[in-house]
Each structure stands twice: as C-alpha cells, then as structure tokens.
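**Q** This one is work-v6.tsv, TSV, C-alpha atoms.
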```tsv
chain	number	residue	atom	x	y	z
A	1	MET	CA	-152.36	18.28	-133.82
A	2	PHE	CA	-153.31	21.79	-132.58
A	3	HIS	CA	-154.58	24.47	-134.96
A	4	VAL	CA	-155.05	27.85	-133.28
A	5	ARG	CA	-156.35	30.97	-135.03
A	6	GLY	CA	-157.30	34.31	-133.54
A	7	LEU	CA	-157.33	32.91	-130.01
A	8	THR	CA	-158.38	35.54	-127.51
A	9	ARG	CA	-158.99	35.33	-123.77
A	10	THR	CA	-160.31	38.31	-121.85
A	11	TYR	CA	-161.03	38.31	-118.13
A	12	GLY	CA	-163.44	40.91	-116.75
A	13	GLU	CA	-165.30	43.65	-118.59
A	14	GLY	CA	-165.04	47.32	-119.45
A	15	ASP	CA	-162.21	49.29	-117.87
A	16	ALA	CA	-161.34	46.30	-115.69
A	17	ALA	CA	-160.90	43.94	-118.67
A	18	VAL	CA	-157.59	42.08	-118.86
A	19	HIS	CA	-156.65	40.82	-122.32
A	20	ALA	CA	-154.52	37.78	-121.50
A	21	LEU	CA	-154.42	36.54	-125.12
A	22	VAL	CA	-155.11	38.62	-128.22
A	23	GLY	CA	-155.24	37.04	-131.69
A	24	VAL	CA	-152.85	34.13	-131.13
A	25	ASP	CA	-152.16	32.02	-134.26
A	26	PHE	CA	-150.05	28.87	-134.51
A	27	ASP	CA	-150.00	25.21	-135.46
A	28	LEU	CA	-148.43	22.55	-133.27
A	29	CYS	CA	-147.70	19.23	-134.96
A	30	ALA	CA	-147.30	15.80	-133.38
A	31	GLY	CA	-143.73	15.16	-132.25
A	32	GLU	CA	-142.80	18.82	-132.38
A	33	LEU	CA	-140.91	20.30	-129.43
A	34	VAL	CA	-141.92	23.86	-128.55
A	35	VAL	CA	-140.59	26.21	-125.89
A	36	LEU	CA	-142.95	28.88	-124.61
A	37	LEU	CA	-141.08	31.91	-123.29
A	38	GLY	CA	-142.31	35.29	-122.15
A	39	ALA	CA	-142.39	37.81	-119.37
A	40	SER	CA	-144.57	37.33	-116.34
A	41	GLY	CA	-148.15	38.19	-117.29
A	42	SER	CA	-147.63	37.66	-121.02
A	43	GLY	CA	-150.23	34.86	-121.28
A	44	LYS	CA	-148.13	31.68	-121.17
A	45	SER	CA	-150.23	29.95	-118.51
A	46	THR	CA	-153.44	31.20	-120.09
A	47	LEU	CA	-152.40	29.68	-123.41
A	48	LEU	CA	-151.48	26.36	-121.77
A	49	ASN	CA	-154.82	26.32	-119.93
A	50	GLN	CA	-156.57	26.81	-123.28
A	51	LEU	CA	-154.63	23.99	-124.95
A	52	GLY	CA	-155.28	21.69	-122.00
A	53	GLY	CA	-159.01	22.34	-121.96
A	54	LEU	CA	-158.85	23.88	-118.49
A	55	ASP	CA	-160.22	27.23	-119.70
A	56	SER	CA	-162.31	28.40	-122.66
A	57	PRO	CA	-161.34	31.05	-125.19
A	58	SER	CA	-163.28	34.29	-125.40
A	59	SER	CA	-163.02	34.04	-129.17
A	60	GLY	CA	-161.03	32.37	-131.92
A	61	THR	CA	-160.51	28.83	-133.11
A	62	LEU	CA	-158.85	26.12	-131.03
A	63	LEU	CA	-158.80	22.74	-132.75
A	64	TYR	CA	-157.20	19.52	-131.55
A	65	ARG	CA	-156.96	16.96	-134.36
A	66	GLY	CA	-159.71	18.84	-136.18
A	67	GLU	CA	-162.10	19.00	-133.21
A	68	ASP	CA	-163.11	22.23	-131.49
A	69	ILE	CA	-162.06	21.92	-127.84
A	70	ALA	CA	-164.21	24.92	-126.88
A	71	GLY	CA	-167.28	22.95	-127.98
A	72	PHE	CA	-166.55	19.89	-125.82
A	73	ASP	CA	-168.99	19.07	-123.04
A	74	GLU	CA	-167.66	18.01	-119.62
A	75	THR	CA	-167.52	14.33	-120.59
A	76	ALA	CA	-165.55	15.05	-123.76
A	77	LEU	CA	-163.23	17.42	-121.88
A	78	THR	CA	-162.55	14.78	-119.24
A	79	GLN	CA	-161.74	12.22	-121.93
A	80	PHE	CA	-159.53	14.74	-123.78
A	81	ARG	CA	-157.60	15.56	-120.59
A	82	ARG	CA	-157.27	11.87	-119.69
A	83	ASP	CA	-156.12	10.68	-123.10
A	84	ALA	CA	-154.40	13.61	-124.81
A	85	VAL	CA	-152.82	16.08	-122.38
A	86	GLY	CA	-150.90	16.15	-119.16
A	87	PHE	CA	-149.73	18.89	-116.85
A	88	VAL	CA	-146.80	18.97	-114.48
A	89	PHE	CA	-147.12	22.11	-112.41
A	90	GLN	CA	-144.04	23.91	-111.13
A	91	ALA	CA	-144.71	23.71	-107.44
A	92	TYR	CA	-148.11	22.15	-106.85
A	93	ASN	CA	-148.86	18.68	-105.58
A	94	LEU	CA	-145.29	17.39	-105.77
A	95	ILE	CA	-143.88	15.23	-103.01
A	96	PRO	CA	-140.33	16.43	-102.29
A	97	SER	CA	-139.05	13.00	-101.21
A	98	LEU	CA	-140.03	11.42	-104.56
A	99	THR	CA	-138.22	11.63	-107.89
A	100	ALA	CA	-139.83	13.38	-110.86
A	101	ARG	CA	-140.82	9.97	-112.28
A	102	GLU	CA	-142.35	8.88	-108.98
A	103	ASN	CA	-144.36	12.11	-108.75
A	104	VAL	CA	-145.82	11.46	-112.18
```
What do you get writing this file as structure tokens?
**A**
Amino acid sequence: MFHVRGLTRTYGEGDAAVHALVGVDFDLCAGELVVLLGASGSGKSTLLNQLGGLDSPSSGTLLYRGEDIAGFDETALTQFRRDAVGFVFQAYNLIPSLTARENV
C-alpha cells in the first residue's frame, strides 16, 4: 500500500535547518498493523503528515498504491484524504461528552 524510500523532510535552511526525517525507508501493506514509537521530536508526526498527504517531502519517494503522493494536485490530495486516510488527533476537535465512536 505505501512504499517509502529515502524520505526526507527538512524545515528551514542553513544553520537553522531542522531535519525531521532523514532517509526513511519502509513498506506498509494493506491489513498490516504498525506501531510508531519514538521520543518527542523524533519525527513521528512528520512521518504521519507525509503519509496522510498533509505535508510534502523534501526528497525521497512516497508512493501509495504505486502513485506518488508528492505529485498530487489539490484535487487529488483531497480525494486521497477523503477516500484513503483518516486522522484522529490526540486532543483536537474532540467533544468530551461523546464517545470515541460518536466523535468519529
């Protein structure tokens, strides 16, 4: 489903550059369960934003079912997000009086 090679995401330039992802490689297959663990600042959210089409890589290959997400225009990204991915954020936009199912 996802094929990721050499994925890199850098914010800023020069001495102020922050390398959030450097050379990430992996494959994620349909039906596979993956746990993403790491220290604060290790790039977990950056990686998820890449996979969800919320951010673009600085370099590398990011394919979803053989298609390059980084090359999607806004219409294709909207369709990809609508049909293929979903995010449940830890603390944003949840209504405390509702169950998890009701919030979805």
**Q** Take atom CA of A:Val85 and atom CA of A:Gly53 and report the distance between them in Å, one decimal.
**A**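 Distance between the two atoms: 8.8 Å.
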**Q** Would you mind listing what lies within 8 Å of stretch 55-60 of chain A as a list in words, with all atoms listed in the file counted and same-chain residues fewer than 4 positions away left out?
**A**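 My list of contacting residues is Val4, Arg5, Gly6, Leu7, Thr8, Arg9, Thr10, Gly23, Thr46, Asn49, Gln50 and Ala70 of chain A.
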**Q** So what do you get for atom CA of A:Thr78 versus atom CA of A:Tyr64, distance-wise?
**A**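 Here the two named atoms are 14.2 Å from each other.
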**Q** Pick the closest to A:Ala84 from A:Val34, A:Ala39, A:Leu98, A:Met1: which is it, counting all atoms listed in the file?
**A**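 Of A:Val34, A:Ala39, A:Leu98, A:Met1, the one nearest A:Ala84, counting all atoms listed in the file, is A:Met1.
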**Q** Under the rule that all atoms listed in the file are counted, which of A:Val35, A:His3, A:Asp68, A:Gly43 is the nearest residue to A:Leu21?
**A**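 Between A:Val35, A:His3, A:Asp68, A:Gly43, the residue approaching A:Leu21 most closely is A:Gly43.
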**Q** Quick check, in Å to one decimal: how far apart do atom CA of A:Val104 and atom CA of A:Leu54 lie?
**A** 19.1 Å
